[in-house]
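Q: Structure supplied as protein_17.txt; contents: compact mmCIF, C-alpha atoms and all ligand atoms.
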```
# COMPACT_ATOMS: atom_id res chain seq x y z
CA MET Y 1 15.38 -11.23 -177.43
CA LYS Y 2 15.38 -8.38 -179.95
CA LEU Y 3 13.60 -5.04 -179.59
CA ALA Y 4 10.41 -5.07 -181.71
CA LEU Y 5 9.52 -1.88 -183.54
CA ALA Y 6 6.39 -0.52 -185.16
CA VAL Y 7 7.07 2.33 -187.59
CA LEU Y 8 4.27 4.80 -188.27
CA VAL Y 9 4.49 6.75 -191.52
CA SER Y 10 2.48 9.13 -193.69
CA GLY Y 11 4.65 9.83 -196.73
CA ARG Y 12 7.79 9.07 -198.69
CA GLY Y 13 9.46 7.07 -195.90
CA THR Y 14 13.16 7.86 -196.23
CA ASN Y 15 13.57 7.57 -192.45
CA LEU Y 16 11.77 4.22 -192.59
CA GLN Y 17 14.20 3.21 -195.36
CA ALA Y 18 17.16 4.13 -193.15
CA VAL Y 19 15.79 1.84 -190.42
CA LEU Y 20 15.01 -0.98 -192.88
CA ASP Y 21 18.54 -0.76 -194.30
CA ALA Y 22 20.16 -0.67 -190.86
CA VAL Y 23 18.24 -3.80 -189.80
CA ALA Y 24 19.01 -5.56 -193.10
CA ASP Y 25 22.75 -4.98 -192.89
CA GLY Y 26 23.04 -5.73 -189.17
CA ARG Y 27 23.82 -2.21 -187.90
CA LEU Y 28 20.56 -2.25 -185.94
CA SER Y 29 19.71 -5.33 -183.92
CA ALA Y 30 15.91 -5.04 -183.89
CA VAL Y 31 12.83 -6.58 -185.50
CA ILE Y 32 10.46 -4.38 -187.50
CA SER Y 33 7.10 -5.95 -186.63
CA GLY Y 34 5.31 -3.77 -189.16
CA VAL Y 35 4.70 -0.41 -190.75
CA VAL Y 36 1.40 1.37 -190.15
CA CYS Y 37 0.42 4.19 -192.49
CA ASP Y 38 -2.42 6.72 -192.50
CA ARG Y 39 -2.20 7.71 -196.19
CA ARG Y 40 -3.18 5.68 -199.23
CA GLY Y 41 -0.47 5.50 -201.87
CA ALA Y 42 2.35 6.59 -199.54
CA LEU Y 43 5.75 5.63 -200.94
CA ALA Y 44 6.64 4.36 -197.46
CA LEU Y 45 4.21 1.44 -197.98
CA GLU Y 46 6.12 0.36 -201.09
CA ARG Y 47 9.42 0.56 -199.22
CA ALA Y 48 8.05 -1.70 -196.46
CA ALA Y 49 6.56 -4.18 -198.92
CA LYS Y 50 9.83 -4.35 -200.85
CA ALA Y 51 11.64 -5.19 -197.62
CA GLY Y 52 9.07 -7.89 -196.81
CA VAL Y 53 7.76 -6.04 -193.77
CA PRO Y 54 4.00 -6.30 -193.04
CA THR Y 55 1.97 -3.13 -193.56
CA ALA Y 56 -1.37 -1.82 -192.37
CA LEU Y 57 -3.30 1.16 -193.69
CA VAL Y 58 -5.49 3.06 -191.20
CA CYS Y 59 -6.83 6.26 -192.79
CA MET Y 60 -8.72 8.83 -190.78
CA GLU Y 61 -11.28 9.38 -193.52
CA ASP Y 62 -12.44 5.76 -193.14
CA TYR Y 63 -13.64 6.35 -189.55
CA PRO Y 64 -16.59 8.34 -188.18
CA SER Y 65 -14.40 10.24 -185.70
CA ARG Y 66 -10.80 10.98 -184.86
CA LYS Y 67 -11.19 8.96 -181.67
CA GLU Y 68 -12.33 5.85 -183.51
CA TRP Y 69 -9.52 6.23 -186.05
CA GLU Y 70 -6.98 6.43 -183.27
CA VAL Y 71 -8.33 3.32 -181.54
CA ALA Y 72 -8.10 1.47 -184.88
CA LEU Y 73 -4.55 2.75 -185.32
CA ALA Y 74 -3.54 1.53 -181.86
CA ASP Y 75 -5.28 -1.83 -182.53
CA ALA Y 76 -3.31 -2.20 -185.77
CA VAL Y 77 -0.02 -1.50 -183.98
CA GLU Y 78 -0.87 -3.85 -181.12
CA ALA Y 79 -1.85 -6.65 -183.52
CA LEU Y 80 1.63 -6.76 -185.07
CA GLU Y 81 3.81 -9.79 -184.33
CA PRO Y 82 5.91 -9.61 -182.29
CA ARG Y 83 4.01 -7.02 -180.30
CA PRO Y 84 5.99 -3.76 -180.66
CA ASP Y 85 8.06 -2.64 -177.67
CA LEU Y 86 8.64 0.77 -179.22
CA VAL Y 87 6.54 2.83 -181.63
CA VAL Y 88 8.56 5.03 -183.99
CA LEU Y 89 6.89 7.99 -185.69
CA ALA Y 90 8.93 8.51 -188.87
CA GLY Y 91 7.21 11.23 -190.84
CA PHE Y 92 3.83 10.45 -189.29
CA MET Y 93 1.82 13.62 -189.76
CA ARG Y 94 -0.85 13.38 -187.05
CA ILE Y 95 -0.83 14.26 -183.38
CA LEU Y 96 -1.61 11.30 -181.12
CA SER Y 97 -3.64 11.62 -177.93
CA PRO Y 98 -2.58 10.56 -174.42
CA ALA Y 99 -4.89 7.53 -174.77
CA PHE Y 100 -2.76 6.22 -177.65
CA LEU Y 101 0.51 6.95 -175.85
CA GLU Y 102 -0.68 5.18 -172.70
CA ARG Y 103 -1.51 2.01 -174.65
CA PHE Y 104 2.18 1.74 -175.46
CA GLY Y 105 3.41 2.72 -172.03
CA GLY Y 106 4.78 6.03 -173.34
CA GLN Y 107 7.25 4.12 -175.52
CA VAL Y 108 6.56 6.29 -178.57
CA ILE Y 109 9.30 8.37 -180.21
CA ASN Y 110 9.31 10.88 -183.07
CA ILE Y 111 11.87 12.42 -185.39
CA HIS Y 112 11.60 16.13 -186.14
CA PRO Y 113 13.66 18.29 -188.53
CA SER Y 114 14.77 21.05 -186.15
CA LEU Y 115 16.70 21.50 -182.92
CA LEU Y 116 13.75 21.34 -180.56
CA PRO Y 117 12.41 23.17 -178.67
CA ALA Y 118 12.97 25.59 -181.58
CA PHE Y 119 10.59 25.31 -184.50
CA PRO Y 120 8.07 22.61 -183.57
CA GLY Y 121 5.20 21.71 -185.89
CA LEU Y 122 5.01 21.95 -189.66
CA ASP Y 123 7.63 23.44 -192.01
CA ALA Y 124 10.38 23.41 -189.39
CA GLN Y 125 13.10 24.02 -191.99
CA LYS Y 126 11.26 27.08 -193.37
CA GLN Y 127 10.73 28.37 -189.83
CA ALA Y 128 14.50 28.10 -189.23
CA LEU Y 129 15.35 29.95 -192.47
CA ASP Y 130 12.74 32.65 -191.80
CA ARG Y 131 14.16 33.20 -188.30
CA GLY Y 132 17.69 33.45 -189.65
CA VAL Y 133 19.28 30.91 -187.32
CA LYS Y 134 22.83 29.85 -188.24
CA PHE Y 135 22.41 26.31 -186.99
CA SER Y 136 19.47 23.97 -187.22
CA GLY Y 137 19.34 20.19 -187.16
CA CYS Y 138 17.11 17.35 -186.09
CA THR Y 139 15.79 15.83 -182.89
CA VAL Y 140 14.52 12.45 -181.76
CA HIS Y 141 12.24 12.79 -178.75
CA TYR Y 142 9.64 10.94 -176.74
CA VAL Y 143 6.12 11.84 -177.78
CA ASP Y 144 3.89 13.49 -175.22
CA ALA Y 145 0.48 15.14 -175.54
CA GLY Y 146 1.93 18.32 -177.09
CA CYS Y 147 3.27 18.98 -180.57
CA ASP Y 148 6.99 18.04 -180.63
CA THR Y 149 7.32 18.84 -176.91
CA GLY Y 150 8.36 15.55 -175.29
CA PRO Y 151 11.72 14.79 -173.63
CA ILE Y 152 14.65 14.95 -176.03
CA ILE Y 153 16.62 11.74 -176.66
CA GLY Y 154 19.12 12.80 -179.31
CA GLN Y 155 19.99 15.68 -181.63
CA ARG Y 156 22.27 16.46 -184.59
CA VAL Y 157 23.36 19.98 -185.53
CA VAL Y 158 23.31 21.13 -189.16
CA PRO Y 159 24.79 24.54 -190.11
CA VAL Y 160 22.54 26.81 -192.16
CA LEU Y 161 24.55 28.01 -195.18
CA PRO Y 162 24.19 31.52 -196.63
CA ASP Y 163 22.67 30.25 -199.90
CA ASP Y 164 20.34 27.69 -198.32
CA ASP Y 165 16.73 27.44 -199.42
CA VAL Y 166 14.13 25.12 -197.90
CA ASP Y 167 15.07 22.27 -200.23
CA SER Y 168 18.83 22.41 -199.69
CA LEU Y 169 18.54 22.77 -195.92
CA SER Y 170 15.91 20.02 -195.71
CA GLU Y 171 18.12 17.69 -197.70
CA ARG Y 172 21.14 18.16 -195.42
CA ILE Y 173 18.99 17.83 -192.30
CA LEU Y 174 17.42 14.66 -193.73
CA GLU Y 175 20.82 12.98 -194.10
CA GLN Y 176 21.42 13.63 -190.41
CA GLU Y 177 17.91 12.43 -189.50
CA HIS Y 178 18.66 9.06 -191.06
CA GLU Y 179 21.86 8.65 -189.05
CA LEU Y 180 20.41 10.00 -185.83
CA LEU Y 181 17.34 7.76 -185.96
CA VAL Y 182 19.43 4.62 -186.47
CA GLU Y 183 21.84 5.71 -183.71
CA VAL Y 184 19.02 6.33 -181.23
CA LEU Y 185 17.32 3.05 -182.10
CA SER Y 186 20.61 1.19 -181.69
CA GLY Y 187 20.82 2.63 -178.18
CA PHE Y 188 17.29 1.45 -177.40
CA ALA Y 189 18.07 -1.99 -178.86
CA ALA Y 190 21.26 -2.38 -176.82
CA ARG Y 191 19.49 -1.43 -173.58
CA TRP Y 192 16.60 -3.74 -174.45
CA GLU Y 193 18.87 -6.72 -175.00
CA GLU Y 194 20.73 -5.98 -171.77
CA GLU Y 195 17.46 -5.87 -169.81
CA HIS Y 196 16.03 -8.99 -171.44
CA LYS Y 197 18.97 -11.34 -171.30
CA GLU Y 198 17.84 -14.95 -171.06
C1 LIG N 1 11.18 14.14 -191.88
O1 LIG N 1 11.79 15.38 -192.12
C2 LIG N 1 10.81 14.00 -190.42
O2 LIG N 1 11.70 14.63 -189.57
C3 LIG N 1 9.47 14.71 -190.39
O3 LIG N 1 8.84 14.34 -191.60
C4 LIG N 1 9.83 14.04 -192.58
C5 LIG N 1 9.55 12.65 -193.06
O4 LIG N 1 10.40 12.27 -194.12
N1 LIG N 1 8.74 14.35 -189.19
P1 LIG N 1 10.40 10.77 -194.62
O5 LIG N 1 8.95 10.37 -194.88
O6 LIG N 1 11.02 9.92 -193.56
O7 LIG N 1 11.20 10.77 -195.90
```
Show how you would write the structure in this file as structure tokens.
A:
Amino acid sequence: MKLALAVLVSGRGTNLQAVLDAVADGRLSAVISGVVCDRRGALALERAAKAGVPTALVCMEDYPSRKEWEVALADAVEALEPRPDLVVLAGFMRILSPAFLERFGGQVINIHPSLLPAFPGLDAQKQALDRGVKFSGCTVHYVDAGCDTGPIIGQRVVPVLPDDDVDSLSERILEQEHELLVEVLSGFAARWEEEHKE
């Protein structure tokens, strides 16, 4: 039995693309049950559709409260077939509450463009440049109730070069994000298959 993933996105979806490609060419033995997005017109939705993966759009502005939006979001994830074993936040730009996390047994992971616990939150690459660090990178971590604070699963280091600006640093970190995310998911998939041998 293969690990079933839900991927939550808000934007351009290059991390999603890395996962789609890895599944398509057999480097990642998992099923992408669906992609759930909170922004109309996100490029990530096109990437999913092109790969033949089901999509759902759950925008906060369509709900009377944040709480109701989040319940609808969790319902959309839970309704995917097969039911996701792991929820992957890949450029998903909202904080999720403990109620959401509990519905998925804490099996929610996120990718962030810094070496956490340094530089959580928005504009992590700019924070790193402003602080003058010589090394930054990316982190995949479990999601908890804080902002980018959950237990760390994997990291990649990226040197900050003297001429770097936000764009150049972000681009080099992004390349590592794509590899790290697929590597971490492959680890989850291997453990899953081991634990669910028929
Ligand atoms: C990535 O840098 C990710 O680490 C952060 O948001 C960005 C999303 O990029 N959480 P993309 O949508 O996967 O291209």
Q: If I take CA of Val157 (chain Y) and CA of Phe135 (chain Y), how far is one from the other in Å, to one decimal?
A: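 Result for CA of Val157 (chain Y) versus CA of Phe135 (chain Y): 6.6 Å, one decimal.
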Q: Residues at most 8 Å from Met60 (chain Y), counting only C-alpha atoms, excluding those fewer than 4 positions away in the same chain, as a list in words?
A: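 Everything that qualifies: Asp38, Ser65, Arg66 and Trp69 of chain Y.
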Q: Can you measure CA of Arg156 (chain Y) to CA of Leu28 (chain Y) for me? One decimal in Å is fine.
A: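 A separation of 18.8 Å between them.
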Q: Do you know which residues are within 9 Å of ligand LIG 1 (chain N) using all atoms listed in the file? Can you write them as a ChimeraX atom specification?
A: /Y:9-18,42-44,89-93,110-114,121-122,124-125,138-140,170-171,173-174,177-178
Q: Pick out the residues sitting within 9 Å of Trp192 (chain Y), and hand them over as a list in words; count all atoms listed in the file, and ignore anything fewer than 6 positions along from it in its own chain.
A: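 So, after excluding close chain neighbours, the residues are Met1, Lys2 and Leu3 of chain Y.
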Q: Work out how far apart CA of Phe104 (chain Y) and CA of Leu86 (chain Y) are and give it in Å to one decimal.
A: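 Rounded to one decimal, the two atoms are 7.5 Å apart.
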Q: Taking only C-alpha atoms into account, name the residue in Y:Ile153, Y:Ala189, Y:Leu129, Y:Leu116 that is nearest to Ile32 (chain Y).
A: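 Checking each candidate against Ile32 (chain Y), we get Y:Ala189 as the closest.
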Q: Considering only C-alpha atoms, state which residue in the set Y:Asp21, Y:Asp85, Y:Glu102, Y:Asp148 is at the smallest distance from Ala51 (chain Y).
A: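 Of all the options, Y:Asp21 lies closest to Ala51 (chain Y).
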Q: Using all atoms listed in the file, which of the listed residues (Y:Ala118, Y:Val158, Y:Ala4, Y:Val184) sits closest to Gly137 (chain Y)?
A: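 Among the listed residues, the smallest separation from Gly137 (chain Y) belongs to Y:Val158.
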Q: Nearest to Asp144 (chain Y): which of Y:Ala48, Y:Leu101, Y:Leu161, Y:Ala128 is it, counting all atoms listed in the file?
A: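 Checking each candidate against Asp144 (chain Y), we get Y:Leu101 as the closest.
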Q: For each of Y:Phe100, Y:Ser168, Y:Lys126, Y:Val88, take the minimum atom-to-atom distance to Tyr142 (chain Y), counting only C-alpha atoms, then give the residue where this is smallest.
A: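 Nearest to Tyr142 (chain Y): Y:Val88.
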Q: Can you report as AutoDock Vina command-line options the centre and edge lengths in Å, to one decimal, of an axis-aligned box around the listed atoms of region 116-129 of chain Y padded with 3 Å on each side?
A:
```
--center_x 10.2 --center_y 25.6 --center_z -186.0 --size_x 16.3 --size_y 14.6 --size_z 20.7
```
